[in-house]
>>> print(open('work_1.txt').read())   # compact mmCIF, C-alpha atoms and all ligand atoms
# COMPACT_ATOMS: atom_id res chain seq x y z
CA MET A 1 -8.33 11.26 3.16
CA ILE A 2 -5.07 10.34 4.93
CA ASP A 3 -3.44 12.95 7.15
CA ILE A 4 -0.16 11.91 8.80
CA LYS A 5 0.85 14.51 11.37
CA HIS A 6 4.26 14.58 13.05
CA ILE A 7 4.54 10.82 13.59
CA SER A 8 7.48 9.49 15.58
CA LYS A 9 8.05 5.87 16.51
CA TRP A 10 10.67 3.99 18.47
CA TYR A 11 11.47 0.31 18.82
CA GLY A 12 12.91 0.33 22.33
CA SER A 13 15.45 3.12 22.23
CA THR A 14 15.84 3.04 18.42
CA GLN A 15 13.90 5.73 16.61
CA VAL A 16 12.52 4.43 13.28
CA LEU A 17 10.15 7.29 12.36
CA ASP A 18 11.15 10.87 13.05
CA ASP A 19 8.48 13.57 12.86
CA CYS A 20 6.91 12.32 9.61
CA SER A 21 4.09 14.35 8.07
CA THR A 22 2.34 13.96 4.74
CA GLN A 23 -1.17 13.84 3.30
CA VAL A 24 -3.00 11.85 0.67
CA ALA A 25 -6.05 13.66 -0.67
CA SER A 26 -9.09 11.80 -1.94
CA GLY A 27 -8.30 10.36 -5.38
CA GLU A 28 -4.61 11.12 -5.05
CA VAL A 29 -1.73 8.65 -5.61
CA VAL A 30 1.34 9.13 -3.42
CA VAL A 31 4.45 7.01 -4.02
CA VAL A 32 6.84 6.48 -1.10
CA CYS A 33 10.41 5.50 -1.93
CA GLY A 34 13.78 5.41 -0.18
CA PRO A 35 16.55 3.06 0.84
CA SER A 36 15.96 -0.21 2.64
CA GLY A 37 15.45 0.34 6.37
CA SER A 38 14.39 3.97 5.96
CA GLY A 39 10.98 3.34 7.56
CA LYS A 40 8.67 3.04 4.54
CA SER A 41 6.90 -0.14 5.68
CA THR A 42 6.63 1.12 9.22
CA LEU A 43 5.10 4.40 8.05
CA ILE A 44 2.53 2.81 5.74
CA LYS A 45 1.52 0.32 8.44
CA THR A 46 0.88 3.12 10.94
CA VAL A 47 -1.89 4.38 8.62
CA ASN A 48 -4.21 1.45 9.33
CA GLY A 49 -3.01 0.91 12.87
CA LEU A 50 -0.88 -2.17 12.14
CA GLU A 51 2.07 -0.37 13.77
CA PRO A 52 1.52 1.75 16.86
CA PHE A 53 3.40 5.05 17.18
CA GLN A 54 4.40 7.08 20.21
CA LYS A 55 4.08 10.65 18.93
CA GLY A 56 1.90 12.49 16.47
CA GLU A 57 -1.49 11.65 15.00
CA ILE A 58 -2.98 10.13 11.86
CA PHE A 59 -6.46 10.78 10.57
CA VAL A 60 -8.08 8.55 7.97
CA ASP A 61 -11.30 10.01 6.61
CA GLY A 62 -11.45 12.10 9.77
CA VAL A 63 -11.00 9.13 12.15
CA SER A 64 -8.03 9.30 14.51
CA VAL A 65 -5.94 6.10 14.19
CA GLY A 66 -4.11 6.57 17.50
CA ALA A 67 -7.01 7.58 19.73
CA ALA A 68 -7.93 5.09 22.44
CA GLY A 69 -11.60 4.94 21.47
CA THR A 70 -11.06 4.20 17.78
CA ASN A 71 -12.43 0.91 16.48
CA LEU A 72 -9.32 -0.25 14.61
CA PRO A 73 -10.81 -3.42 13.09
CA LYS A 74 -13.61 -1.30 11.64
CA LEU A 75 -11.15 1.24 10.26
CA ARG A 76 -8.93 -1.50 8.80
CA ALA A 77 -11.89 -3.04 7.02
CA ARG A 78 -12.21 0.21 5.07
CA ILE A 79 -8.55 0.44 4.05
CA GLY A 80 -7.18 -2.10 1.58
CA MET A 81 -3.64 -3.29 2.13
CA VAL A 82 -1.43 -5.27 -0.26
CA PHE A 83 1.95 -6.58 0.89
CA GLN A 84 5.10 -7.76 -0.82
CA SER A 85 4.28 -11.36 0.12
CA PHE A 86 0.79 -11.95 -1.19
CA GLU A 87 -0.67 -13.26 2.07
CA LEU A 88 -3.59 -15.12 0.53
CA PHE A 89 -5.21 -17.90 2.57
CA PRO A 90 -3.42 -20.96 1.11
CA HIS A 91 -6.18 -23.42 2.02
CA LEU A 92 -8.95 -21.39 0.35
CA SER A 93 -9.74 -21.14 -3.35
CA VAL A 94 -9.41 -17.83 -5.15
CA ASN A 95 -13.18 -17.32 -4.90
CA GLN A 96 -13.20 -18.18 -1.20
CA ASN A 97 -10.30 -15.79 -0.59
CA LEU A 98 -12.37 -13.00 -2.12
CA GLU A 99 -15.62 -13.95 -0.39
CA LEU A 100 -14.54 -14.60 3.19
CA ALA A 101 -14.22 -11.08 4.61
CA GLN A 102 -17.13 -9.77 2.54
CA VAL A 103 -19.39 -12.26 4.34
CA LYS A 104 -17.74 -12.25 7.79
CA VAL A 105 -16.92 -8.55 8.09
CA LEU A 106 -19.38 -6.75 5.82
CA GLY A 107 -22.23 -9.21 6.36
CA ARG A 108 -22.89 -9.71 2.65
CA SER A 109 -24.78 -12.77 1.52
CA THR A 110 -22.73 -15.52 -0.17
CA GLU A 111 -24.42 -14.76 -3.50
CA GLU A 112 -23.66 -11.07 -3.23
CA ALA A 113 -20.05 -11.78 -2.24
CA ARG A 114 -19.63 -14.23 -5.12
CA GLU A 115 -20.97 -11.75 -7.62
CA ARG A 116 -18.61 -9.03 -6.42
CA ALA A 117 -15.71 -11.53 -6.46
CA GLY A 118 -16.54 -12.50 -10.02
CA SER A 119 -16.61 -8.97 -11.34
CA LEU A 120 -13.29 -8.17 -9.64
CA LEU A 121 -11.70 -11.35 -11.00
CA ASP A 122 -12.85 -10.26 -14.46
CA ARG A 123 -11.23 -6.93 -13.87
CA VAL A 124 -7.84 -8.42 -12.93
CA GLY A 125 -8.14 -11.04 -15.68
CA LEU A 126 -8.40 -14.10 -13.44
CA ARG A 127 -12.02 -15.30 -13.63
CA ALA A 128 -10.85 -18.54 -15.26
CA HIS A 129 -8.77 -19.30 -12.17
CA GLN A 130 -11.51 -18.75 -9.58
CA ASP A 131 -11.56 -22.33 -8.28
CA LYS A 132 -7.78 -22.74 -8.02
CA PHE A 133 -5.78 -22.48 -4.83
CA PRO A 134 -3.09 -19.81 -4.40
CA GLY A 135 -0.31 -22.38 -4.69
CA GLN A 136 -1.48 -23.20 -8.22
CA LEU A 137 -1.02 -19.60 -9.39
CA SER A 138 2.08 -17.63 -10.40
CA GLY A 139 3.31 -14.85 -8.13
CA GLY A 140 1.86 -12.18 -10.41
CA GLN A 141 -1.52 -13.92 -10.45
CA GLN A 142 -1.49 -14.27 -6.67
CA GLN A 143 -0.75 -10.60 -6.24
CA ARG A 144 -3.61 -9.69 -8.60
CA VAL A 145 -5.91 -11.90 -6.49
CA ALA A 146 -4.65 -10.08 -3.37
CA ILE A 147 -5.53 -6.74 -4.97
CA ALA A 148 -8.98 -8.01 -6.01
CA ARG A 149 -9.55 -9.32 -2.48
CA ALA A 150 -8.75 -5.91 -1.01
CA LEU A 151 -11.03 -4.19 -3.54
CA ALA A 152 -13.90 -6.54 -2.69
CA MET A 153 -14.22 -4.68 0.61
CA ASP A 154 -14.95 -1.40 -1.22
CA PRO A 155 -12.05 0.37 0.48
CA ILE A 156 -11.89 4.15 0.80
CA ALA A 157 -8.12 3.96 0.20
CA MET A 158 -5.51 1.37 -0.77
CA LEU A 159 -2.06 0.91 0.79
CA PHE A 160 0.61 -1.02 -1.11
CA ASP A 161 3.94 -2.08 0.40
CA GLU A 162 6.37 -3.04 -2.39
CA PRO A 163 3.72 -5.12 -4.18
CA THR A 164 6.02 -6.13 -7.03
CA SER A 165 9.37 -6.58 -5.32
CA ALA A 166 8.93 -10.31 -4.67
CA LEU A 167 7.91 -11.02 -8.28
CA ASP A 168 9.93 -12.38 -11.16
CA PRO A 169 10.62 -9.50 -13.56
CA GLU A 170 8.24 -10.77 -16.25
CA MET A 171 5.33 -10.57 -13.79
CA VAL A 172 5.89 -7.06 -12.54
CA ASN A 173 3.96 -5.33 -15.30
CA GLU A 174 0.78 -7.40 -15.01
CA VAL A 175 0.50 -6.19 -11.41
CA LEU A 176 1.51 -2.59 -12.16
CA ASP A 177 -1.07 -2.47 -14.98
CA VAL A 178 -3.84 -3.31 -12.48
CA MET A 179 -2.53 -0.58 -10.17
CA VAL A 180 -2.35 1.96 -13.00
CA ASP A 181 -6.00 1.24 -13.87
CA LEU A 182 -6.97 1.65 -10.24
CA ALA A 183 -5.14 4.96 -10.01
CA ARG A 184 -6.79 6.24 -13.18
CA GLU A 185 -10.21 5.30 -11.83
CA GLY A 186 -9.58 7.67 -8.94
CA MET A 187 -8.67 5.33 -6.08
CA THR A 188 -6.84 7.01 -3.20
CA MET A 189 -3.50 5.20 -3.01
CA MET A 190 -0.32 5.24 -0.92
CA VAL A 191 2.26 3.04 -2.62
CA VAL A 192 5.70 2.05 -1.35
CA THR A 193 7.61 1.10 -4.49
CA HIS A 194 10.86 1.55 -6.33
CA GLU A 195 9.11 1.26 -9.68
CA MET A 196 9.87 4.79 -10.83
CA GLY A 197 8.20 4.23 -14.22
CA PHE A 198 4.96 3.58 -12.36
CA ALA A 199 5.58 6.58 -10.11
CA ARG A 200 6.19 8.87 -13.04
CA LYS A 201 3.10 7.63 -14.84
CA VAL A 202 0.51 7.86 -12.04
CA ALA A 203 1.88 9.44 -8.87
CA ASP A 204 0.53 12.86 -8.01
CA ARG A 205 3.27 13.20 -5.41
CA VAL A 206 6.48 11.40 -4.50
CA VAL A 207 7.71 11.09 -0.92
CA PHE A 208 11.36 10.16 -0.33
CA MET A 209 12.37 8.75 3.06
CA ASP A 210 15.80 8.32 4.60
CA ALA A 211 16.68 7.19 8.13
CA GLY A 212 13.11 7.52 9.43
CA LYS A 213 12.58 11.02 8.02
CA ILE A 214 10.55 12.32 5.12
CA VAL A 215 13.27 14.11 3.21
CA GLU A 216 11.30 15.00 0.07
CA ASP A 217 7.56 15.40 -0.51
CA CYS A 218 6.91 16.96 -3.88
CA SER A 219 4.71 16.91 -6.93
CA ASN A 220 5.42 14.48 -9.76
CA GLU A 221 6.53 17.36 -12.00
CA GLU A 222 8.85 18.75 -9.35
CA PHE A 223 10.30 15.34 -8.44
CA PHE A 224 11.00 14.03 -11.93
CA GLY A 225 11.28 17.31 -13.81
CA ASN A 226 13.71 19.06 -11.52
CA MET A 227 16.02 16.33 -10.27
CA GLU A 228 18.88 18.80 -9.68
CA ALA A 229 16.82 20.46 -6.95
CA ARG A 230 16.41 17.19 -5.00
CA SER A 231 18.41 16.50 -1.85
CA GLU A 232 21.77 14.83 -2.22
CA ARG A 233 20.40 11.68 -0.57
CA ALA A 234 17.46 11.46 -2.97
CA GLN A 235 19.68 12.04 -5.97
CA HIS A 236 22.10 9.36 -4.79
CA PHE A 237 19.24 6.90 -4.29
CA LEU A 238 17.69 7.66 -7.67
CA SER A 239 21.01 7.41 -9.48
CA LYS A 240 21.20 3.79 -8.31
CA ILE A 241 17.71 2.75 -9.38
CA LEU A 242 16.85 4.85 -12.43
P1 LIG A 301 11.78 -0.09 4.95
O1 LIG A 301 10.40 -0.59 4.70
O2 LIG A 301 12.00 1.30 4.44
O3 LIG A 301 12.83 -1.02 4.44
P2 LIG A 301 11.16 -0.61 7.73
O4 LIG A 301 10.00 0.26 8.02
O5 LIG A 301 10.87 -2.05 7.48
O6 LIG A 301 12.00 0.02 6.52
O7 LIG A 301 12.20 -0.53 8.92
C1 LIG A 301 12.64 0.70 9.46
C2 LIG A 301 13.61 0.43 10.60
O8 LIG A 301 12.92 -0.18 11.69
C3 LIG A 301 14.74 -0.50 10.23
O9 LIG A 301 15.92 -0.01 10.81
C4 LIG A 301 14.34 -1.81 10.84
O10 LIG A 301 15.48 -2.56 11.18
C5 LIG A 301 13.58 -1.37 12.06
N1 LIG A 301 12.54 -2.34 12.47
C6 LIG A 301 11.49 -2.75 11.71
N2 LIG A 301 10.71 -3.61 12.38
C7 LIG A 301 11.27 -3.74 13.61
C8 LIG A 301 10.95 -4.48 14.80
N3 LIG A 301 9.86 -5.26 14.85
N4 LIG A 301 11.76 -4.36 15.86
C9 LIG A 301 12.86 -3.56 15.82
N5 LIG A 301 13.23 -2.84 14.75
C10 LIG A 301 12.46 -2.92 13.67
MG MG A 302 9.73 -2.24 3.67
>>> encode(input="work_1.txt", output="structure tokens")
Amino acid sequence: MIDIKHISKWYGSTQVLDDCSTQVASGEVVVVCGPSGSGKSTLIKTVNGLEPFQKGEIFVDGVSVGAAGTNLPKLRARIGMVFQSFELFPHLSVNQNLELAQVKVLGRSTEEARERAGSLLDRVGLRAHQDKFPGQLSGGQQQRVAIARALAMDPIAMLFDEPTSALDPEMVNEVLDVMVDLAREGMTMMVVTHEMGFARKVADRVVFMDAGKIVEDCSNEEFFGNMEARSERAQHFLSKIL
């Protein structure tokens, strides 16, 4: 579903991605971890064309992200993205947040969009809050709304960039639980996170980045079951967070 091939990226003369390659198959969950500044956000944003790159190529469902003729807005509409900061529209109610792009981008009727919004709010446990504004919700609730909003577009894959790292500790699990459910239902997911409990539970593969490079890309069993075989940098990183 996602095929990242030899991506390199520079900001001016500073290289931030160095020949990165990995794949996410349909229905697969890939967790990306690594120290701050290693290029995780930059890499995940290249997948839906939010960050341009100078070398390499990315295919999403067979569509080339970097090619000049690619309709990026159309591609982005098919890939859900959830950020660390929830990025809801503050002046719109929860319902309106979920309905807007369904109507404007997918051309659904308001009734259809509302029905889809309602069933997704049920799923993330927030139907009772549908008329509130983001500012009236906790961080964990806002992030669950952000996930529901992305799902309302019927994405072919979901990208998450540290979705729980801005949350108070007691709210982390309510968001991870929604993500675990999504993973178990077969959603294709690329998740930047340091939540290794989540990774161990649902990741098919774990990618470890350092200084713009993919240093490790291995199966869950290999990553967690054979820690001694990991690179020194990965072991050092894991020793600090596990
Ligand atoms: P991570 O998500 O792993 O913390 P990032 O992808 O955010 O890392 O950043 C990778 C590197 O790119 C860092 O060294 C960061 O300082 C640099 N960087 C990120 N955004 C920009 C930018 N807009 N201009 C210049 N450098 C940037
Ligand atoms: Mg980041």
>>> residues_around(input="work_1.txt", residues="range 6-17 of chain A", least_positions_apart="6", cutoff="8 Å", atoms="all atoms listed in the file", output="ChimeraX atom specification")
/A:38-39,42-43,52-58,211-213
>>> residues_near_point(input="work_1.txt", point="(-1.6, 7.3, -9.4)", cutoff="12 Å", atoms="all atoms listed in the file", output="PyMOL selection string")
chain A and resi 24-32+158+160+176-191+196-206+219-220
>>> residues_near_ligand(input="work_1.txt", ligand="ligand MG 302 (chain A)", cutoff="8 Å", atoms="all atoms listed in the file", output="PyMOL selection string")
chain A and resi 36-37+39-42+161-162+192
>>> closest_residue(input="work_1.txt", among="A:Met1, A:Leu50, A:Cys33, A:Met81", to="ligand LIG 301 (chain A)", atoms="only C-alpha atoms and all ligand atoms")
A:Cys33
>>> residues_around(input="work_1.txt", residues="range 135-139 of chain A", least_positions_apart="2", cutoff="12 Å", atoms="all atoms listed in the file", output="number ranges by chain")
A: 84-94, 126, 128-133, 141-146, 163-175
>>> closest_residue(input="work_1.txt", among="A:Leu98, A:Ala234, A:Gly225, A:Asp19", to="Val207 in chain A", atoms="all atoms listed in the file")
A:Ala234
>>> atom_distance(input="work_1.txt", atom1="atom O9 of ligand LIG 301 (chain A)", atom2="CA of Ile2 in chain A")
24.1 Å
>>> atom_distance(input="work_1.txt", atom1="CA of His194 in chain A", atom2="atom O1 of ligand LIG 301 (chain A)")
11.2 Å
>>> closest_residue(input="work_1.txt", among="A:Glu115, A:Ile79, A:Thr193, A:Arg230", to="ligand LIG 301 (chain A)", atoms="only C-alpha atoms and all ligand atoms")
A:Thr193
>>> closest_residue(input="work_1.txt", among="A:Cys20, A:Ala229, A:Val60, A:Met209", to="ligand LIG 301 (chain A)", atoms="only C-alpha atoms and all ligand atoms")
A:Met209
>>> atom_distance(input="work_1.txt", atom1="CA of Leu159 in chain A", atom2="CA of Gly80 in chain A")
6.0 Å
>>> residues_around(input="work_1.txt", residues="Met227 in chain A", least_positions_apart="5", cutoff="12 Å", atoms="only C-alpha atoms", output="PyMOL selection string")
chain A and resi 216+218-222+232-239+242
>>> write_last_selection(input="work_1.txt", atoms="C-alpha atoms", output="PDB file, in the coordinates of the input")
ATOM      1  CA  GLU A 216      11.300  15.000   0.070  1.00  0.00           C
ATOM      2  CA  CYS A 218       6.910  16.960  -3.880  1.00  0.00           C
ATOM      3  CA  SER A 219       4.710  16.910  -6.930  1.00  0.00           C
ATOM      4  CA  ASN A 220       5.420  14.480  -9.760  1.00  0.00           C
ATOM      5  CA  GLU A 221       6.530  17.360 -12.000  1.00  0.00           C
ATOM      6  CA  GLU A 222       8.850  18.750  -9.350  1.00  0.00           C
ATOM      7  CA  GLU A 232      21.770  14.830  -2.220  1.00  0.00           C
ATOM      8  CA  ARG A 233      20.400  11.680  -0.570  1.00  0.00           C
ATOM      9  CA  ALA A 234      17.460  11.460  -2.970  1.00  0.00           C
ATOM     10  CA  GLN A 235      19.680  12.040  -5.970  1.00  0.00           C
ATOM     11  CA  HIS A 236      22.100   9.360  -4.790  1.00  0.00           C
ATOM     12  CA  PHE A 237      19.240   6.900  -4.290  1.00  0.00           C
ATOM     13  CA  LEU A 238      17.690   7.660  -7.670  1.00  0.00           C
ATOM     14  CA  SER A 239      21.010   7.410  -9.480  1.00  0.00           C
ATOM     15  CA  LEU A 242      16.850   4.850 -12.430  1.00  0.00           C
TER      16      LEU A 242
END
>>> closest_residue(input="work_1.txt", among="A:Asp154, A:Glu228, A:Asp210, A:Asp61", to="ligand LIG 301 (chain A)", atoms="all atoms listed in the file")
A:Asp210
>>> closest_residue(input="work_1.txt", among="A:Val124, A:Met153, A:Leu75, A:Ala68", to="Val47 in chain A", atoms="all atoms listed in the file")
A:Leu75
>>> residues_around(input="work_1.txt", residues="range 101-113 of chain A", least_positions_apart="6", cutoff="12 Å", atoms="all atoms listed in the file", output="ChimeraX atom specification")
/A:73-78,80,89,95,119-120,148-155
>>> write_last_selection(input="work_1.txt", atoms="C-alpha atoms", output="mmCIF file, in the frame of the given file")
data_model
loop_
_atom_site.group_PDB
_atom_site.id
_atom_site.type_symbol
_atom_site.label_atom_id
_atom_site.label_comp_id
_atom_site.auth_asym_id
_atom_site.auth_seq_id
_atom_site.Cartn_x
_atom_site.Cartn_y
_atom_site.Cartn_z
ATOM 1 C CA PRO A 73 -10.810 -3.420 13.090
ATOM 2 C CA LYS A 74 -13.610 -1.300 11.640
ATOM 3 C CA LEU A 75 -11.150 1.240 10.260
ATOM 4 C CA ARG A 76 -8.930 -1.500 8.800
ATOM 5 C CA ALA A 77 -11.890 -3.040 7.020
ATOM 6 C CA ARG A 78 -12.210 0.210 5.070
ATOM 7 C CA GLY A 80 -7.180 -2.100 1.580
ATOM 8 C CA PHE A 89 -5.210 -17.900 2.570
ATOM 9 C CA ASN A 95 -13.180 -17.320 -4.900
ATOM 10 C CA SER A 119 -16.610 -8.970 -11.340
ATOM 11 C CA LEU A 120 -13.290 -8.170 -9.640
ATOM 12 C CA ALA A 148 -8.980 -8.010 -6.010
ATOM 13 C CA ARG A 149 -9.550 -9.320 -2.480
ATOM 14 C CA ALA A 150 -8.750 -5.910 -1.010
ATOM 15 C CA LEU A 151 -11.030 -4.190 -3.540
ATOM 16 C CA ALA A 152 -13.900 -6.540 -2.690
ATOM 17 C CA MET A 153 -14.220 -4.680 0.610
ATOM 18 C CA ASP A 154 -14.950 -1.400 -1.220
ATOM 19 C CA PRO A 155 -12.050 0.370 0.480
#
>>> axis_aligned_box(input="work_1.txt", around="range 34-48 of chain A", padding_each_side="3 Å", output="lines of an AutoDock Vina configuration file")
center_x = 6.2
center_y = 2.6
center_z = 5.4
size_x = 26.8
size_y = 11.6
size_z = 17.1
